[in-house]
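*Asks:* You'll find input-v2.cif just under this line, and it carries mmCIF, C-alpha atoms.
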data_upload
#
loop_
_atom_site.group_PDB
_atom_site.id
_atom_site.type_symbol
_atom_site.label_atom_id
_atom_site.label_comp_id
_atom_site.auth_asym_id
_atom_site.auth_seq_id
_atom_site.Cartn_x
_atom_site.Cartn_y
_atom_site.Cartn_z
ATOM 1 C CA MET X 280 214.896 -88.483 -127.610
ATOM 2 C CA SER X 281 212.408 -91.007 -126.299
ATOM 3 C CA GLU X 282 211.838 -93.799 -128.770
ATOM 4 C CA ILE X 283 209.063 -93.273 -131.285
ATOM 5 C CA TRP X 284 207.601 -96.708 -131.846
ATOM 6 C CA PHE X 285 204.502 -96.399 -134.033
ATOM 7 C CA ARG X 286 202.746 -93.173 -134.989
ATOM 8 C CA THR X 287 200.191 -92.538 -137.696
ATOM 9 C CA GLY X 288 198.868 -89.415 -139.321
ATOM 10 C CA GLU X 289 196.875 -88.288 -142.324
ATOM 11 C CA ALA X 290 195.737 -85.082 -143.909
ATOM 12 C CA THR X 291 193.763 -83.782 -146.859
ATOM 13 C CA VAL X 292 194.509 -80.553 -148.686
ATOM 14 C CA LEU X 293 192.111 -79.732 -151.492
ATOM 15 C CA ALA X 294 193.039 -78.637 -154.992
ATOM 16 C CA ALA X 295 192.463 -75.241 -156.524
ATOM 17 C CA ASP X 296 189.334 -74.928 -158.660
ATOM 18 C CA GLY X 297 189.536 -76.933 -161.883
ATOM 19 C CA GLN X 298 192.466 -79.039 -160.712
ATOM 20 C CA TYR X 299 192.727 -82.691 -159.665
ATOM 21 C CA THR X 300 195.591 -82.036 -157.294
ATOM 22 C CA ASP X 301 193.997 -82.996 -153.973
ATOM 23 C CA ALA X 302 196.619 -84.460 -151.643
ATOM 24 C CA MET X 303 195.793 -87.115 -149.043
ATOM 25 C CA PRO X 304 198.982 -88.636 -147.632
ATOM 26 C CA GLU X 305 198.948 -91.214 -144.877
ATOM 27 C CA VAL X 306 202.079 -91.383 -142.752
ATOM 28 C CA LEU X 307 203.561 -94.121 -140.586
ATOM 29 C CA ILE X 308 206.513 -93.073 -138.393
ATOM 30 C CA GLY X 309 208.544 -95.285 -136.097
ATOM 31 C CA SER X 310 211.795 -96.791 -134.966
ATOM 32 C CA VAL X 311 213.966 -98.614 -137.475
ATOM 33 C CA ARG X 312 214.141 -101.384 -134.833
ATOM 34 C CA GLY X 313 210.368 -101.815 -134.554
ATOM 35 C CA PRO X 314 207.396 -102.754 -136.728
ATOM 36 C CA VAL X 315 207.704 -99.615 -138.865
ATOM 37 C CA GLY X 316 211.342 -100.456 -139.596
ATOM 38 C CA GLN X 317 210.358 -103.997 -140.564
ATOM 39 C CA ALA X 318 207.610 -102.745 -142.857
ATOM 40 C CA PHE X 319 210.014 -100.184 -144.346
ATOM 41 C CA ALA X 320 212.613 -102.852 -145.175
ATOM 42 C CA GLY X 321 209.913 -105.115 -146.590
ATOM 43 C CA MET X 322 208.836 -102.383 -149.014
ATOM 44 C CA LEU X 323 212.175 -102.210 -150.808
ATOM 45 C CA GLY X 324 210.908 -104.543 -153.528
ATOM 46 C CA GLN X 325 208.517 -103.359 -156.208
ATOM 47 C CA VAL X 326 204.870 -104.219 -156.776
ATOM 48 C CA GLN X 327 203.529 -103.799 -160.303
ATOM 49 C CA GLY X 328 201.596 -100.561 -160.634
ATOM 50 C CA HIS X 329 202.517 -99.300 -157.152
ATOM 51 C CA THR X 330 206.041 -97.966 -157.410
ATOM 52 C CA ARG X 331 207.888 -97.612 -154.156
ATOM 53 C CA MET X 332 210.709 -95.128 -153.920
ATOM 54 C CA PHE X 333 212.841 -93.374 -151.372
ATOM 55 C CA VAL X 334 211.836 -89.762 -150.916
ATOM 56 C CA VAL X 335 214.503 -87.482 -152.311
ATOM 57 C CA ARG X 336 214.386 -83.712 -152.653
ATOM 58 C CA ASP X 337 216.512 -83.937 -155.808
ATOM 59 C CA LEU X 338 219.268 -86.141 -157.146
ATOM 60 C CA ASN X 339 221.533 -87.304 -154.319
ATOM 61 C CA GLN X 340 219.347 -85.613 -151.684
ATOM 62 C CA LEU X 341 217.741 -88.475 -149.726
ATOM 63 C CA VAL X 342 215.661 -87.036 -146.890
ATOM 64 C CA ARG X 343 216.067 -87.852 -143.226
ATOM 65 C CA PRO X 344 214.453 -89.679 -141.626
ATOM 66 C CA SER X 345 214.656 -92.216 -144.435
ATOM 67 C CA THR X 346 211.237 -92.320 -146.038
ATOM 68 C CA ILE X 347 209.612 -94.595 -148.601
ATOM 69 C CA MET X 348 206.631 -93.360 -150.569
ATOM 70 C CA THR X 349 204.178 -95.339 -152.630
ATOM 71 C CA THR X 350 200.992 -94.495 -154.443
ATOM 72 C CA LYS X 351 197.478 -95.502 -153.387
ATOM 73 C CA VAL X 352 196.428 -95.556 -157.053
ATOM 74 C CA THR X 353 197.746 -97.999 -159.645
ATOM 75 C CA ILE X 354 200.158 -96.325 -162.044
ATOM 76 C CA HIS X 355 199.103 -96.801 -165.684
ATOM 77 C CA THR X 356 200.966 -94.070 -167.556
ATOM 78 C CA ALA X 357 204.446 -92.615 -167.816
ATOM 79 C CA GLU X 358 202.975 -89.131 -167.288
ATOM 80 C CA TYR X 359 201.506 -90.177 -163.959
ATOM 81 C CA ALA X 360 204.782 -91.821 -162.899
ATOM 82 C CA GLU X 361 206.694 -88.681 -163.871
ATOM 83 C CA LEU X 362 204.458 -86.502 -161.682
ATOM 84 C CA LEU X 363 204.765 -88.912 -158.766
ATOM 85 C CA GLY X 364 208.552 -89.124 -159.015
ATOM 86 C CA GLY X 365 208.890 -85.423 -159.813
ATOM 87 C CA VAL X 366 206.700 -82.698 -158.334
ATOM 88 C CA VAL X 367 205.009 -84.906 -155.717
ATOM 89 C CA GLN X 368 208.237 -86.502 -154.513
ATOM 90 C CA ALA X 369 209.972 -83.105 -154.313
ATOM 91 C CA ALA X 370 207.061 -81.563 -152.373
ATOM 92 C CA THR X 371 207.050 -84.527 -149.982
ATOM 93 C CA GLY X 372 210.799 -84.268 -149.469
ATOM 94 C CA ASP X 373 210.707 -80.527 -148.854
ATOM 95 C CA ALA X 374 207.903 -80.985 -146.308
ATOM 96 C CA ILE X 375 209.884 -83.641 -144.426
ATOM 97 C CA VAL X 376 213.004 -81.478 -144.209
ATOM 98 C CA ASP X 377 210.916 -78.497 -143.093
ATOM 99 C CA CYS X 378 209.336 -80.678 -140.381
ATOM 100 C CA VAL X 379 212.843 -81.258 -139.006
ATOM 101 C CA ILE X 380 213.752 -77.562 -139.303
ATOM 102 C CA GLU X 381 210.546 -76.572 -137.459
ATOM 103 C CA GLY X 382 210.983 -79.183 -134.703
ATOM 104 C CA ILE X 383 207.952 -81.238 -135.719
ATOM 105 C CA LEU X 384 210.321 -84.184 -136.233
ATOM 106 C CA PRO X 385 213.179 -84.469 -133.734
ATOM 107 C CA LYS X 386 216.635 -83.755 -135.168
ATOM 108 C CA ASP X 387 218.312 -85.814 -132.430
ATOM 109 C CA GLY X 388 218.040 -89.531 -133.183
ATOM 110 C CA LEU X 389 216.703 -88.913 -136.676
ATOM 111 C CA ASP X 390 218.583 -91.891 -138.126
ATOM 112 C CA GLU X 391 216.737 -94.126 -135.670
ATOM 113 C CA LEU X 392 213.440 -93.253 -137.371
ATOM 114 C CA CYS X 393 211.901 -94.161 -140.696
ATOM 115 C CA MET X 394 208.654 -93.241 -142.401
ATOM 116 C CA ILE X 395 206.298 -94.760 -144.918
ATOM 117 C CA ILE X 396 204.021 -92.372 -146.785
ATOM 118 C CA THR X 397 201.194 -93.450 -149.058
ATOM 119 C CA ILE X 398 200.409 -90.822 -151.668
ATOM 120 C CA TRP X 399 197.109 -90.003 -153.348
ATOM 121 C CA LEU X 400 197.613 -88.681 -156.864
ATOM 122 C CA ASP X 401 194.453 -88.493 -158.928
ATOM 123 C CA GLU X 402 194.796 -90.479 -162.153
ATOM 124 C CA ARG X 403 193.479 -87.485 -164.109
ATOM 125 C CA CYS X 404 196.605 -85.455 -163.274
ATOM 126 C CA GLY X 405 198.730 -87.306 -165.814
ATOM 127 C CA SER X 406 196.465 -86.413 -168.720
ATOM 128 C CA HIS X 407 195.194 -83.010 -167.560
ATOM 129 C CA GLU X 408 196.325 -80.500 -170.183
ATOM 130 C CA ASP X 409 195.995 -77.539 -167.830
ATOM 131 C CA LEU X 410 197.559 -79.207 -164.806
ATOM 132 C CA ASP X 411 198.842 -76.611 -162.352
ATOM 133 C CA ARG X 412 202.112 -78.128 -161.101
ATOM 134 C CA LYS X 413 202.440 -75.348 -158.539
ATOM 135 C CA ASP X 414 199.122 -76.418 -157.035
ATOM 136 C CA LEU X 415 200.225 -80.057 -157.121
ATOM 137 C CA TYR X 416 203.339 -79.050 -155.169
ATOM 138 C CA ARG X 417 201.332 -76.899 -152.742
ATOM 139 C CA THR X 418 198.774 -79.537 -151.861
ATOM 140 C CA ASN X 419 201.326 -82.318 -151.372
ATOM 141 C CA TYR X 420 203.707 -80.118 -149.382
ATOM 142 C CA GLU X 421 200.974 -78.819 -147.062
ATOM 143 C CA ALA X 422 199.291 -82.190 -146.598
ATOM 144 C CA THR X 423 202.559 -83.981 -145.855
ATOM 145 C CA LYS X 424 203.487 -81.441 -143.176
ATOM 146 C CA LEU X 425 200.011 -81.690 -141.649
ATOM 147 C CA ALA X 426 200.063 -85.502 -141.649
ATOM 148 C CA ILE X 427 203.513 -85.686 -140.034
ATOM 149 C CA GLY X 428 202.539 -83.102 -137.415
ATOM 150 C CA ARG X 429 199.342 -84.946 -136.594
ATOM 151 C CA ALA X 430 201.244 -88.219 -136.272
ATOM 152 C CA MET X 431 203.768 -86.692 -133.918
ATOM 153 C CA ARG X 432 201.072 -85.006 -131.792
ATOM 154 C CA GLY X 433 198.701 -88.004 -131.805
ATOM 155 C CA GLU X 434 195.911 -86.052 -133.504
ATOM 156 C CA PRO X 435 193.058 -86.287 -133.524
ATOM 157 C CA THR X 436 192.888 -87.510 -129.938
ATOM 158 C CA ILE X 437 190.233 -89.975 -128.907
ATOM 159 C CA ASP X 438 188.585 -87.200 -126.871
ATOM 160 C CA GLU X 439 188.325 -85.039 -130.025
ATOM 161 C CA LEU X 440 186.863 -87.953 -131.973
ATOM 162 C CA ILE X 441 184.287 -88.624 -129.269
ATOM 163 C CA ALA X 442 183.392 -84.926 -129.009
ATOM 164 C CA ASN X 443 182.777 -84.561 -132.764
ATOM 165 C CA ARG X 444 181.169 -87.969 -133.342
ATOM 166 C CA LYS X 445 177.802 -86.453 -134.234
ATOM 167 C CA THR X 446 179.055 -83.268 -135.917
ATOM 168 C CA VAL X 447 181.650 -84.607 -138.367
ATOM 169 C CA LYS X 448 180.784 -87.242 -140.932
ATOM 170 C CA HIS X 449 182.527 -88.659 -143.975
ATOM 171 C CA TYR X 450 181.652 -86.778 -147.155
ATOM 172 C CA ALA X 451 180.532 -90.047 -148.805
ATOM 173 C CA LEU X 452 177.741 -90.358 -146.236
ATOM 174 C CA GLU X 453 175.947 -87.182 -147.348
ATOM 175 C CA GLY X 454 172.286 -88.129 -147.754
ATOM 176 C CA ILE X 455 172.964 -91.640 -146.471
ATOM 177 C CA VAL X 456 173.353 -91.154 -142.713
ATOM 178 C CA GLU X 457 171.793 -88.392 -140.669
ATOM 179 C CA TYR X 458 173.226 -87.515 -137.257
#
What is this structure when it is put down as structure tokens?
*Replies:*
Amino acid sequence: MSEIWFRTGEATVLAADGQYTDAMPEVLIGSVRGPVGQAFAGMLGQVQGHTRMFVVRDLNQLVRPSTIMTTKVTIHTAEYAELLGGVVQAATGDAIVDCVIEGILPKDGLDELCMIITIWLDERCGSHEDLDRKDLYRTNYEATKLAIGRAMRGEPTIDELIANRKTVKHYALEGIVEY
């Protein structure tokens, strides 16, 4: 395996109607001996409101490559923390293992890699009485696989970004910027 030094990827998978389960992970993948490894080791401490945890599929099932996840949103409730460390963590872990199974992540040299994943979990999920946990799993699983795949393939390429510069715009710019 050639050394993977610093790769980034992101993805968005939208929730089912009536849910707040959109998933928007951002992934950083690299060598344990490089800047990603240094950042990974530096994240082992905790920051109030932004819990950092190893990604496990279940008890005693730490994924490979070793991966730390943290939330992009400040944690305020136990319900939110339980979803993050439960359904979302399990979906993330399953996606990582499936990326290895499918060859998206290289099996050879896997212990030489580490990943950092920032997780979007809408604050409304913790208090949503009709939360669909299956949809929460689906969105996080699919988005994590997409983000890892994009990181490993270097997508989007600069040529793709240049080609769609005037046809793709951020949703927040609707009515603000016209191309």
*Asks:* Starting from the shown file, work through the PyMOL selection byres ((chain X and resi 290-300) around 12) and note down what comes out as a PyMOL selection string.
*Replies:* chain X and resi 287-289+301-306+362-363+366-367+396-430+434-435
*Asks:* Expand the PyMOL selection byres ((chain X and resi 327-333) around 8) into the individual residues it matches in the shown file, reporting them as a list in words.
*Replies:*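 Listing what the PyMOL selection byres ((chain X and resi 327-333) around 8) selects in the shown file: Met322, Leu323, Gly324, Gln325, Val326, Val334, Val335, Leu341, Ser345, Thr346, Ile347, Met348, Thr349, Thr350, Lys351, Val352, Thr353, Ile354 and His355 of chain X.
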*Asks:* Using all atoms listed in the file, which of X:Val315, X:Ala320, X:Leu307, X:Met431 sits nearest Leu384 of chain X?
*Replies:* X:Met431
*Asks:* With only C-alpha atoms as the basis for distance, which of X:Val376, X:Ala451, X:Met394, X:Val342 is at the shortest distance from Val311 of chain X?
*Replies:* X:Met394
*Asks:* What is the atom CA of Asp373 of chain X-atom CA of Gln340 of chain X distance in Å, reported with one decimal?
*Replies:*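 Here the two named atoms are 10.4 Å from each other.
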*Asks:* Do you have the atom CA of Arg343 of chain X-atom CA of Asp390 of chain X distance handy?
*Replies:*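 Atom-to-atom, atom CA of Arg343 of chain X and atom CA of Asp390 of chain X are spaced 7.0 Å apart.
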*Asks:* From the list X:Asp387, X:Glu361, X:Gly316, X:Pro344, which residue is nearest Ala374 of chain X when using only C-alpha atoms?
*Replies:* X:Pro344
*Asks:* Please write out, as lines of an AutoDock Vina configuration file, where the centre of an axis-aligned box around all listed atoms of segment 402-416 of chain X lies and how long its edges are, in Å to one decimal, after adding 5 Å on each side.
*Replies:*
center_x = 198.4
center_y = -82.9
center_z = -162.7
size_x = 19.9
size_y = 25.1
size_z = 25.0
*Asks:* Can you measure atom CA of Asp337 of chain X to atom CA of Ile380 of chain X for me? One decimal in Å is fine.
*Replies:*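 Taking atom CA of Asp337 of chain X and atom CA of Ile380 of chain X, their separation equals 17.9 Å.
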*Asks:* Which is closer to Arg444 of chain X than all the others in X:Glu457, X:Arg312, X:Gly321, X:Glu358, using all atoms listed in the file?
*Replies:* X:Glu457
